[in-house]
$ cat my_file.pdb   # PDB, C-alpha atoms
MODEL        1
ATOM      1  CA  MET A  25     -34.657  -6.489   9.165  1.00  0.00           C
ATOM      2  CA  PRO A  26     -30.839  -6.868   9.105  1.00  0.00           C
ATOM      3  CA  SER A  27     -29.023  -7.288  12.397  1.00  0.00           C
ATOM      4  CA  PRO A  28     -26.551  -4.577  13.475  1.00  0.00           C
ATOM      5  CA  ASN A  29     -23.708  -6.945  12.521  1.00  0.00           C
ATOM      6  CA  ASP A  30     -24.987  -7.123   8.926  1.00  0.00           C
ATOM      7  CA  GLN A  31     -25.210  -3.377   8.372  1.00  0.00           C
ATOM      8  CA  ALA A  32     -22.879  -1.811   5.847  1.00  0.00           C
ATOM      9  CA  VAL A  33     -20.208   0.722   6.702  1.00  0.00           C
ATOM     10  CA  THR A  34     -20.822   4.193   5.299  1.00  0.00           C
ATOM     11  CA  ILE A  35     -18.273   6.995   5.096  1.00  0.00           C
ATOM     12  CA  ARG A  36     -19.032  10.703   4.907  1.00  0.00           C
ATOM     13  CA  SER A  37     -17.228  14.003   5.400  1.00  0.00           C
ATOM     14  CA  ALA A  38     -17.602  15.428   8.875  1.00  0.00           C
ATOM     15  CA  THR A  39     -19.543  18.614   9.480  1.00  0.00           C
ATOM     16  CA  GLU A  40     -19.311  21.080  12.324  1.00  0.00           C
ATOM     17  CA  ALA A  41     -22.182  19.232  14.018  1.00  0.00           C
ATOM     18  CA  ASP A  42     -19.823  16.238  14.326  1.00  0.00           C
ATOM     19  CA  VAL A  43     -17.327  18.070  16.569  1.00  0.00           C
ATOM     20  CA  PRO A  44     -18.456  16.306  19.780  1.00  0.00           C
ATOM     21  CA  THR A  45     -18.120  12.929  18.044  1.00  0.00           C
ATOM     22  CA  ILE A  46     -14.710  13.855  16.614  1.00  0.00           C
ATOM     23  CA  LEU A  47     -13.486  14.849  20.072  1.00  0.00           C
ATOM     24  CA  SER A  48     -14.847  11.642  21.592  1.00  0.00           C
ATOM     25  CA  PHE A  49     -12.890   9.596  19.025  1.00  0.00           C
ATOM     26  CA  ILE A  50      -9.732  11.640  19.672  1.00  0.00           C
ATOM     27  CA  ARG A  51     -10.070  11.006  23.405  1.00  0.00           C
ATOM     28  CA  ALA A  52     -10.750   7.295  22.849  1.00  0.00           C
ATOM     29  CA  LEU A  53      -7.640   7.045  20.650  1.00  0.00           C
ATOM     30  CA  ALA A  54      -5.580   8.856  23.287  1.00  0.00           C
ATOM     31  CA  GLU A  55      -6.800   6.362  25.907  1.00  0.00           C
ATOM     32  CA  TYR A  56      -6.013   3.409  23.622  1.00  0.00           C
ATOM     33  CA  GLU A  57      -2.510   4.738  22.968  1.00  0.00           C
ATOM     34  CA  LYS A  58      -1.996   5.436  26.701  1.00  0.00           C
ATOM     35  CA  LEU A  59      -1.546   9.148  25.922  1.00  0.00           C
ATOM     36  CA  ALA A  60      -4.702  10.629  27.466  1.00  0.00           C
ATOM     37  CA  HIS A  61      -2.554  12.929  29.617  1.00  0.00           C
ATOM     38  CA  GLN A  62      -1.422  14.653  26.390  1.00  0.00           C
ATOM     39  CA  CYS A  63      -4.911  15.124  24.940  1.00  0.00           C
ATOM     40  CA  ILE A  64      -5.907  18.733  25.600  1.00  0.00           C
ATOM     41  CA  ALA A  65      -8.115  19.272  22.520  1.00  0.00           C
ATOM     42  CA  THR A  66     -11.459  20.985  23.080  1.00  0.00           C
ATOM     43  CA  GLU A  67     -14.590  21.282  20.985  1.00  0.00           C
ATOM     44  CA  GLY A  68     -13.785  24.983  20.500  1.00  0.00           C
ATOM     45  CA  ASP A  69     -10.297  24.170  19.240  1.00  0.00           C
ATOM     46  CA  LEU A  70     -11.704  21.630  16.788  1.00  0.00           C
ATOM     47  CA  ARG A  71     -14.402  24.017  15.539  1.00  0.00           C
ATOM     48  CA  LYS A  72     -11.778  26.685  14.863  1.00  0.00           C
ATOM     49  CA  THR A  73      -9.165  24.463  13.213  1.00  0.00           C
ATOM     50  CA  LEU A  74     -11.430  22.066  11.301  1.00  0.00           C
ATOM     51  CA  PHE A  75     -14.348  24.328  10.338  1.00  0.00           C
ATOM     52  CA  GLY A  76     -13.097  27.902  10.830  1.00  0.00           C
ATOM     53  CA  ALA A  77     -11.849  30.441   8.303  1.00  0.00           C
ATOM     54  CA  ARG A  78      -8.660  28.427   7.769  1.00  0.00           C
ATOM     55  CA  ARG A  79      -9.236  24.706   7.784  1.00  0.00           C
ATOM     56  CA  TYR A  80      -6.134  22.789   8.772  1.00  0.00           C
ATOM     57  CA  ALA A  81      -7.457  19.260   8.356  1.00  0.00           C
ATOM     58  CA  GLU A  82     -10.404  17.220   7.169  1.00  0.00           C
ATOM     59  CA  VAL A  83     -12.287  14.402   8.841  1.00  0.00           C
ATOM     60  CA  LEU A  84     -14.193  11.427   7.488  1.00  0.00           C
ATOM     61  CA  ILE A  85     -16.676   9.660   9.763  1.00  0.00           C
ATOM     62  CA  ALA A  86     -17.436   5.933   9.492  1.00  0.00           C
ATOM     63  CA  ARG A  87     -20.896   4.778  10.487  1.00  0.00           C
ATOM     64  CA  ILE A  88     -22.510   1.400  10.845  1.00  0.00           C
ATOM     65  CA  GLY A  89     -26.207   2.036  10.625  1.00  0.00           C
ATOM     66  CA  ASP A  90     -26.829   5.210  12.607  1.00  0.00           C
ATOM     67  CA  VAL A  91     -23.823   4.700  14.882  1.00  0.00           C
ATOM     68  CA  PRO A  92     -20.586   6.663  14.320  1.00  0.00           C
ATOM     69  CA  VAL A  93     -17.874   4.043  14.809  1.00  0.00           C
ATOM     70  CA  GLY A  94     -14.653   5.701  13.659  1.00  0.00           C
ATOM     71  CA  GLN A  95     -12.888   8.498  11.871  1.00  0.00           C
ATOM     72  CA  ALA A  96      -9.921   9.438   9.739  1.00  0.00           C
ATOM     73  CA  LEU A  97      -8.415  12.905  10.234  1.00  0.00           C
ATOM     74  CA  PHE A  98      -5.988  13.996   7.502  1.00  0.00           C
ATOM     75  CA  PHE A  99      -4.297  16.983   5.912  1.00  0.00           C
ATOM     76  CA  HIS A 100      -2.080  17.955   2.980  1.00  0.00           C
ATOM     77  CA  ASN A 101       1.661  17.592   2.910  1.00  0.00           C
ATOM     78  CA  TYR A 102       4.136  17.840   0.043  1.00  0.00           C
ATOM     79  CA  SER A 103       6.891  15.665  -1.411  1.00  0.00           C
ATOM     80  CA  THR A 104       9.810  17.641  -2.778  1.00  0.00           C
ATOM     81  CA  PHE A 105      11.252  14.466  -4.336  1.00  0.00           C
ATOM     82  CA  LEU A 106       8.026  13.912  -6.299  1.00  0.00           C
ATOM     83  CA  ALA A 107       7.082  17.596  -6.633  1.00  0.00           C
ATOM     84  CA  ARG A 108       3.538  16.519  -5.809  1.00  0.00           C
ATOM     85  CA  PRO A 109       1.108  16.952  -2.958  1.00  0.00           C
ATOM     86  CA  GLY A 110       0.426  14.188  -0.503  1.00  0.00           C
ATOM     87  CA  ILE A 111      -1.926  13.381   2.314  1.00  0.00           C
ATOM     88  CA  TYR A 112      -0.919  12.638   5.876  1.00  0.00           C
ATOM     89  CA  ILE A 113      -3.377  10.750   8.069  1.00  0.00           C
ATOM     90  CA  GLU A 114      -2.994  12.074  11.600  1.00  0.00           C
ATOM     91  CA  ASP A 115      -5.551   9.704  13.116  1.00  0.00           C
ATOM     92  CA  ILE A 116      -7.419   6.693  11.886  1.00  0.00           C
ATOM     93  CA  PHE A 117      -9.500   5.172  14.645  1.00  0.00           C
ATOM     94  CA  VAL A 118     -12.348   2.712  15.026  1.00  0.00           C
ATOM     95  CA  LEU A 119     -14.030   1.999  18.340  1.00  0.00           C
ATOM     96  CA  PRO A 120     -12.754  -1.362  19.628  1.00  0.00           C
ATOM     97  CA  GLU A 121     -16.199  -2.959  19.700  1.00  0.00           C
ATOM     98  CA  TYR A 122     -16.635  -2.252  15.964  1.00  0.00           C
ATOM     99  CA  ARG A 123     -13.221  -3.411  14.751  1.00  0.00           C
ATOM    100  CA  GLY A 124     -13.143  -6.252  12.254  1.00  0.00           C
ATOM    101  CA  ARG A 125     -16.323  -5.076  10.501  1.00  0.00           C
ATOM    102  CA  GLY A 126     -14.652  -3.126   7.693  1.00  0.00           C
ATOM    103  CA  ALA A 127     -14.800   0.430   9.039  1.00  0.00           C
ATOM    104  CA  GLY A 128     -11.012   0.878   9.263  1.00  0.00           C
ATOM    105  CA  LYS A 129     -10.474  -0.431   5.758  1.00  0.00           C
ATOM    106  CA  ALA A 130     -13.327   1.723   4.421  1.00  0.00           C
ATOM    107  CA  LEU A 131     -11.817   4.828   6.056  1.00  0.00           C
ATOM    108  CA  LEU A 132      -8.345   4.080   4.680  1.00  0.00           C
ATOM    109  CA  GLN A 133      -9.764   3.362   1.204  1.00  0.00           C
ATOM    110  CA  SER A 134     -11.767   6.602   1.289  1.00  0.00           C
ATOM    111  CA  VAL A 135      -8.688   8.682   2.108  1.00  0.00           C
ATOM    112  CA  ALA A 136      -6.717   6.770  -0.554  1.00  0.00           C
ATOM    113  CA  LYS A 137      -9.421   7.586  -3.101  1.00  0.00           C
ATOM    114  CA  ILE A 138      -9.193  11.285  -2.188  1.00  0.00           C
ATOM    115  CA  ALA A 139      -5.396  11.086  -2.575  1.00  0.00           C
ATOM    116  CA  ARG A 140      -5.814   9.677  -6.084  1.00  0.00           C
ATOM    117  CA  GLU A 141      -8.438  12.290  -7.004  1.00  0.00           C
ATOM    118  CA  TRP A 142      -6.048  15.051  -5.876  1.00  0.00           C
ATOM    119  CA  ASN A 143      -3.138  13.479  -7.794  1.00  0.00           C
ATOM    120  CA  CYS A 144      -1.162  12.922  -4.615  1.00  0.00           C
ATOM    121  CA  GLY A 145       2.145  11.141  -4.830  1.00  0.00           C
ATOM    122  CA  ARG A 146       1.912   9.661  -1.344  1.00  0.00           C
ATOM    123  CA  LEU A 147      -0.438   8.722   1.448  1.00  0.00           C
ATOM    124  CA  GLU A 148       1.393   8.527   4.765  1.00  0.00           C
ATOM    125  CA  TRP A 149       0.694   7.964   8.439  1.00  0.00           C
ATOM    126  CA  ALA A 150       2.478   6.760  11.561  1.00  0.00           C
ATOM    127  CA  VAL A 151       1.806   3.741  13.737  1.00  0.00           C
ATOM    128  CA  LEU A 152       3.136   3.042  17.210  1.00  0.00           C
ATOM    129  CA  ASP A 153       5.732   0.272  17.198  1.00  0.00           C
ATOM    130  CA  TRP A 154       3.852  -1.711  19.869  1.00  0.00           C
ATOM    131  CA  ASN A 155       0.564  -1.709  17.935  1.00  0.00           C
ATOM    132  CA  GLN A 156       1.135  -4.958  16.052  1.00  0.00           C
ATOM    133  CA  LEU A 157      -2.568  -5.379  15.214  1.00  0.00           C
ATOM    134  CA  ALA A 158      -2.516  -2.038  13.381  1.00  0.00           C
ATOM    135  CA  ILE A 159       0.826  -2.798  11.707  1.00  0.00           C
ATOM    136  CA  ASP A 160      -0.523  -6.128  10.465  1.00  0.00           C
ATOM    137  CA  PHE A 161      -3.702  -4.428   9.212  1.00  0.00           C
ATOM    138  CA  TYR A 162      -1.758  -1.766   7.311  1.00  0.00           C
ATOM    139  CA  GLU A 163       0.519  -4.364   5.740  1.00  0.00           C
ATOM    140  CA  ARG A 164      -2.527  -6.422   4.660  1.00  0.00           C
ATOM    141  CA  CYS A 165      -3.819  -3.244   2.996  1.00  0.00           C
ATOM    142  CA  GLY A 166      -0.548  -3.021   1.025  1.00  0.00           C
ATOM    143  CA  ALA A 167       1.271  -0.315   3.005  1.00  0.00           C
ATOM    144  CA  ASP A 168       4.994  -0.330   3.677  1.00  0.00           C
ATOM    145  CA  VAL A 169       5.852   0.098   7.352  1.00  0.00           C
ATOM    146  CA  MET A 170       9.129   1.982   7.078  1.00  0.00           C
ATOM    147  CA  PRO A 171      11.508   0.888   9.853  1.00  0.00           C
ATOM    148  CA  ASP A 172      14.314   3.271   8.909  1.00  0.00           C
ATOM    149  CA  TRP A 173      12.403   6.543   9.483  1.00  0.00           C
ATOM    150  CA  ARG A 174      11.840   8.253  12.826  1.00  0.00           C
ATOM    151  CA  ILE A 175       9.358  11.005  13.580  1.00  0.00           C
ATOM    152  CA  CYS A 176      10.838  14.244  14.955  1.00  0.00           C
ATOM    153  CA  ARG A 177       8.660  16.613  16.943  1.00  0.00           C
ATOM    154  CA  MET A 178       8.827  19.835  18.944  1.00  0.00           C
ATOM    155  CA  ASN A 179       6.020  20.741  21.350  1.00  0.00           C
ATOM    156  CA  ASP A 180       4.959  24.291  22.283  1.00  0.00           C
ATOM    157  CA  LEU A 181       7.638  24.673  24.972  1.00  0.00           C
ATOM    158  CA  GLN A 182      10.377  23.324  22.714  1.00  0.00           C
ATOM    159  CA  LEU A 183       9.292  25.643  19.886  1.00  0.00           C
ATOM    160  CA  ALA A 184       9.382  28.631  22.225  1.00  0.00           C
ATOM    161  CA  LYS A 185      12.838  27.758  23.519  1.00  0.00           C
ATOM    162  CA  PHE A 186      14.196  27.058  20.026  1.00  0.00           C
ATOM    163  CA  THR A 187      12.908  30.362  18.620  1.00  0.00           C
ATOM    164  CA  GLU A 188      13.657  32.468  21.695  1.00  0.00           C
ATOM    165  CA  GLY A 189      15.276  35.733  20.710  1.00  0.00           C
ATOM    166  CA  LEU A 190      14.376  35.536  17.018  1.00  0.00           C
ATOM    167  CA  THR A 191      12.748  38.592  15.498  1.00  0.00           C
ATOM    168  CA  LYS A 192       9.971  38.448  12.974  1.00  0.00           C
TER     169      LYS A 192
ENDMDL
END
$ encode --input "my_file.pdb" --output "structure tokens"
Amino acid sequence: MPSPNDQAVTIRSATEADVPTILSFIRALAEYEKLAHQCIATEGDLRKTLFGARRYAEVLIARIGDVPVGQALFFHNYSTFLARPGIYIEDIFVLPEYRGRGAGKALLQSVAKIAREWNCGRLEWAVLDWNQLAIDFYERCGADVMPDWRICRMNDLQLAKFTEGLTK
């Protein structure tokens, strides 16, 4: 019988039954990134937005044997310059104790394969500037880490203030 270290990584699409696992990975990522105070997601929120009438994102789950070890959560975007769809990976995460066993690469390759099947012009994601291990991993996979782009964001309060007084 193979040892747990010899077991292959498998990737599959998440189902609604995976919501507790998805949330546990989101919380683990938030802890890793020192952003747990910003993580307010609930199982109900995930059920509604990932598996409800309008699905805003998709999730792939990586397993080693019977153990879920990571996930990639992604959604569509669009490149006006290419006039083609793209995919944006919001989260790609592997539990620390399972890193280095191919799950991260398998998740990234699986999303890349979906991007090619959908004729996407780009596959994009962000990485924190202090996460050199992740940056090195992405560069080994062939990605360009783009130093001249900055992410802009408005949270709920900023959106409300910015749109205050506008009529529908």
$ closest_atom_pairs --input "my_file.pdb" --of "region 76-109 of chain A" --to "region 32-50 of chain A" --cutoff "6 Å" --atoms "only C-alpha atoms" --output "tab-separated table"
residue	atom	partner	partner_atom	distance
A:Val83	CA	A:Ala38	CA	5.4
A:Leu84	CA	A:Ser37	CA	4.5
A:Ile85	CA	A:Arg36	CA	5.5
A:Ala86	CA	A:Ile35	CA	4.6
A:Arg87	CA	A:Thr34	CA	5.2
A:Ile88	CA	A:Val33	CA	4.8
$ residues_around --input "my_file.pdb" --residues "region 155-169 of chain A" --least-positions-apart "6" --cutoff "10 Å" --atoms "only C-alpha atoms" --output "MDAnalysis selection string"
chainID A and resid 57 128:129 132:133 147:149
$ resolve_selection --input "my_file.pdb" --expression "the PyMOL selection byres ((chain A and resi 72-82) around 6)" --output "list in words"
Asp69, Leu70, Arg71, Val83, Leu97, Phe98 and Phe99 of chain A
$ resolve_selection --input "my_file.pdb" --expression "the PyMOL selection byres ((chain A and resi 108) around 12)" --output "PyMOL selection string"
chain A and resi 100-107+109-111+139-140+142-147
$ closest_residue --input "my_file.pdb" --among "A:Met178, A:Met170, A:Leu53, A:Val151" --to "Gln95 (chain A)" --atoms "only C-alpha atoms"
A:Leu53
$ axis_aligned_box --input "my_file.pdb" --around "region 73-85 of chain A" --padding-each-side "6 Å" --output "JSON"
{"center_x": -11.4, "center_y": 20.1, "center_z": 10.2, "size_x": 22.5, "size_y": 32.8, "size_z": 18.0}
$ atom_distance --input "my_file.pdb" --atom1 "CA of Val135 (chain A)" --atom2 "CA of Asp180 (chain A)"
28.9 Å
$ atom_distance --input "my_file.pdb" --atom1 "CA of Ile113 (chain A)" --atom2 "CA of Ala150 (chain A)"
7.9 Å
$ resolve_selection --input "my_file.pdb" --expression "the PyMOL selection byres ((chain A and resi 119) around 10)" --output "compact mmCIF listing (two decimals) with C-alpha atoms, in the frame of the given file"
# COMPACT_ATOMS: atom_id res chain seq x y z
CA PHE A 49 -12.89 9.60 19.02
CA ALA A 52 -10.75 7.30 22.85
CA LEU A 53 -7.64 7.04 20.65
CA TYR A 56 -6.01 3.41 23.62
CA PRO A 92 -20.59 6.66 14.32
CA VAL A 93 -17.87 4.04 14.81
CA GLY A 94 -14.65 5.70 13.66
CA GLN A 95 -12.89 8.50 11.87
CA PHE A 117 -9.50 5.17 14.64
CA VAL A 118 -12.35 2.71 15.03
CA PRO A 120 -12.75 -1.36 19.63
CA GLU A 121 -16.20 -2.96 19.70
CA TYR A 122 -16.64 -2.25 15.96
CA ARG A 123 -13.22 -3.41 14.75
CA ALA A 127 -14.80 0.43 9.04
CA GLY A 128 -11.01 0.88 9.26
$ atom_distance --input "my_file.pdb" --atom1 "CA of Trp173 (chain A)" --atom2 "CA of Tyr112 (chain A)"
15.1 Å
$ decode --input "my_file.pdb" --residues "region 61-85 of chain A" --atoms "N, CA and C atoms" --output "mmCIF file, in the first residue's frame"
data_model
loop_
_atom_site.group_PDB
_atom_site.id
_atom_site.type_symbol
_atom_site.label_atom_id
_atom_site.label_comp_id
_atom_site.auth_asym_id
_atom_site.auth_seq_id
_atom_site.Cartn_x
_atom_site.Cartn_y
_atom_site.Cartn_z
ATOM 1 N N HIS A 61 -8.856 39.217 10.100
ATOM 2 C CA HIS A 61 -9.816 40.225 10.564
ATOM 3 C C HIS A 61 -10.724 40.721 9.433
ATOM 4 N N GLN A 62 -10.328 40.498 8.180
ATOM 5 C CA GLN A 62 -11.143 40.921 7.041
ATOM 6 C C GLN A 62 -12.024 39.796 6.500
ATOM 7 N N CYS A 63 -11.837 38.598 6.975
ATOM 8 C CA CYS A 63 -12.560 37.437 6.448
ATOM 9 C C CYS A 63 -13.898 37.289 7.161
ATOM 10 N N ILE A 64 -14.965 37.709 6.480
ATOM 11 C CA ILE A 64 -16.307 37.644 7.061
ATOM 12 C C ILE A 64 -17.212 36.665 6.294
ATOM 13 N N ALA A 65 -16.652 35.919 5.371
ATOM 14 C CA ALA A 65 -17.425 34.955 4.576
ATOM 15 C C ALA A 65 -18.087 33.930 5.489
ATOM 16 N N THR A 66 -19.285 33.501 5.077
ATOM 17 C CA THR A 66 -20.002 32.448 5.801
ATOM 18 C C THR A 66 -20.348 31.334 4.824
ATOM 19 N N GLU A 67 -20.712 30.186 5.368
ATOM 20 C CA GLU A 67 -21.149 29.087 4.511
ATOM 21 C C GLU A 67 -22.367 29.508 3.684
ATOM 22 N N GLY A 68 -23.295 30.244 4.299
ATOM 23 C CA GLY A 68 -24.478 30.703 3.572
ATOM 24 C C GLY A 68 -24.123 31.606 2.407
ATOM 25 N N ASP A 69 -23.179 32.529 2.652
ATOM 26 C CA ASP A 69 -22.723 33.408 1.569
ATOM 27 C C ASP A 69 -22.133 32.594 0.424
ATOM 28 N N LEU A 70 -21.308 31.617 0.762
ATOM 29 C CA LEU A 70 -20.664 30.799 -0.274
ATOM 30 C C LEU A 70 -21.694 29.961 -1.033
ATOM 31 N N ARG A 71 -22.657 29.397 -0.315
ATOM 32 C CA ARG A 71 -23.702 28.614 -1.006
ATOM 33 C C ARG A 71 -24.439 29.483 -2.029
ATOM 34 N N LYS A 72 -24.777 30.694 -1.614
ATOM 35 C CA LYS A 72 -25.532 31.596 -2.493
ATOM 36 C C LYS A 72 -24.698 32.031 -3.702
ATOM 37 N N THR A 73 -23.455 32.419 -3.476
ATOM 38 C CA THR A 73 -22.665 33.012 -4.558
ATOM 39 C C THR A 73 -21.921 31.999 -5.424
ATOM 40 N N LEU A 74 -21.684 30.798 -4.885
ATOM 41 C CA LEU A 74 -20.984 29.780 -5.681
ATOM 42 C C LEU A 74 -21.924 28.743 -6.281
ATOM 43 N N PHE A 75 -23.075 28.507 -5.625
ATOM 44 C CA PHE A 75 -23.963 27.429 -6.074
ATOM 45 C C PHE A 75 -25.418 27.864 -6.209
ATOM 46 N N GLY A 76 -25.689 29.157 -6.072
ATOM 47 C CA GLY A 76 -27.051 29.674 -6.165
ATOM 48 C C GLY A 76 -27.489 29.877 -7.611
ATOM 49 N N ALA A 77 -28.563 30.624 -7.774
ATOM 50 C CA ALA A 77 -29.133 30.874 -9.101
ATOM 51 C C ALA A 77 -28.137 31.574 -10.016
ATOM 52 N N ARG A 78 -27.372 32.511 -9.462
ATOM 53 C CA ARG A 78 -26.310 33.164 -10.241
ATOM 54 C C ARG A 78 -24.982 32.800 -9.597
ATOM 55 N N ARG A 79 -24.189 32.084 -10.322
ATOM 56 C CA ARG A 79 -22.896 31.635 -9.811
ATOM 57 C C ARG A 79 -21.819 32.637 -10.212
ATOM 58 N N TYR A 80 -21.173 33.203 -9.218
ATOM 59 C CA TYR A 80 -20.196 34.256 -9.464
ATOM 60 C C TYR A 80 -18.773 33.736 -9.626
ATOM 61 N N ALA A 81 -18.520 32.530 -9.200
ATOM 62 C CA ALA A 81 -17.173 31.975 -9.284
ATOM 63 C C ALA A 81 -17.261 30.456 -9.282
ATOM 64 N N GLU A 82 -16.145 29.848 -9.589
ATOM 65 C CA GLU A 82 -16.027 28.389 -9.567
ATOM 66 C C GLU A 82 -14.867 28.006 -8.670
ATOM 67 N N VAL A 83 -14.899 26.782 -8.176
ATOM 68 C CA VAL A 83 -13.850 26.307 -7.284
ATOM 69 C C VAL A 83 -13.412 24.916 -7.722
ATOM 70 N N LEU A 84 -12.102 24.716 -7.742
ATOM 71 C CA LEU A 84 -11.516 23.396 -7.910
ATOM 72 C C LEU A 84 -10.911 22.992 -6.572
ATOM 73 N N ILE A 85 -11.069 21.727 -6.223
ATOM 74 C CA ILE A 85 -10.518 21.191 -4.977
ATOM 75 C C ILE A 85 -9.403 20.211 -5.324
#
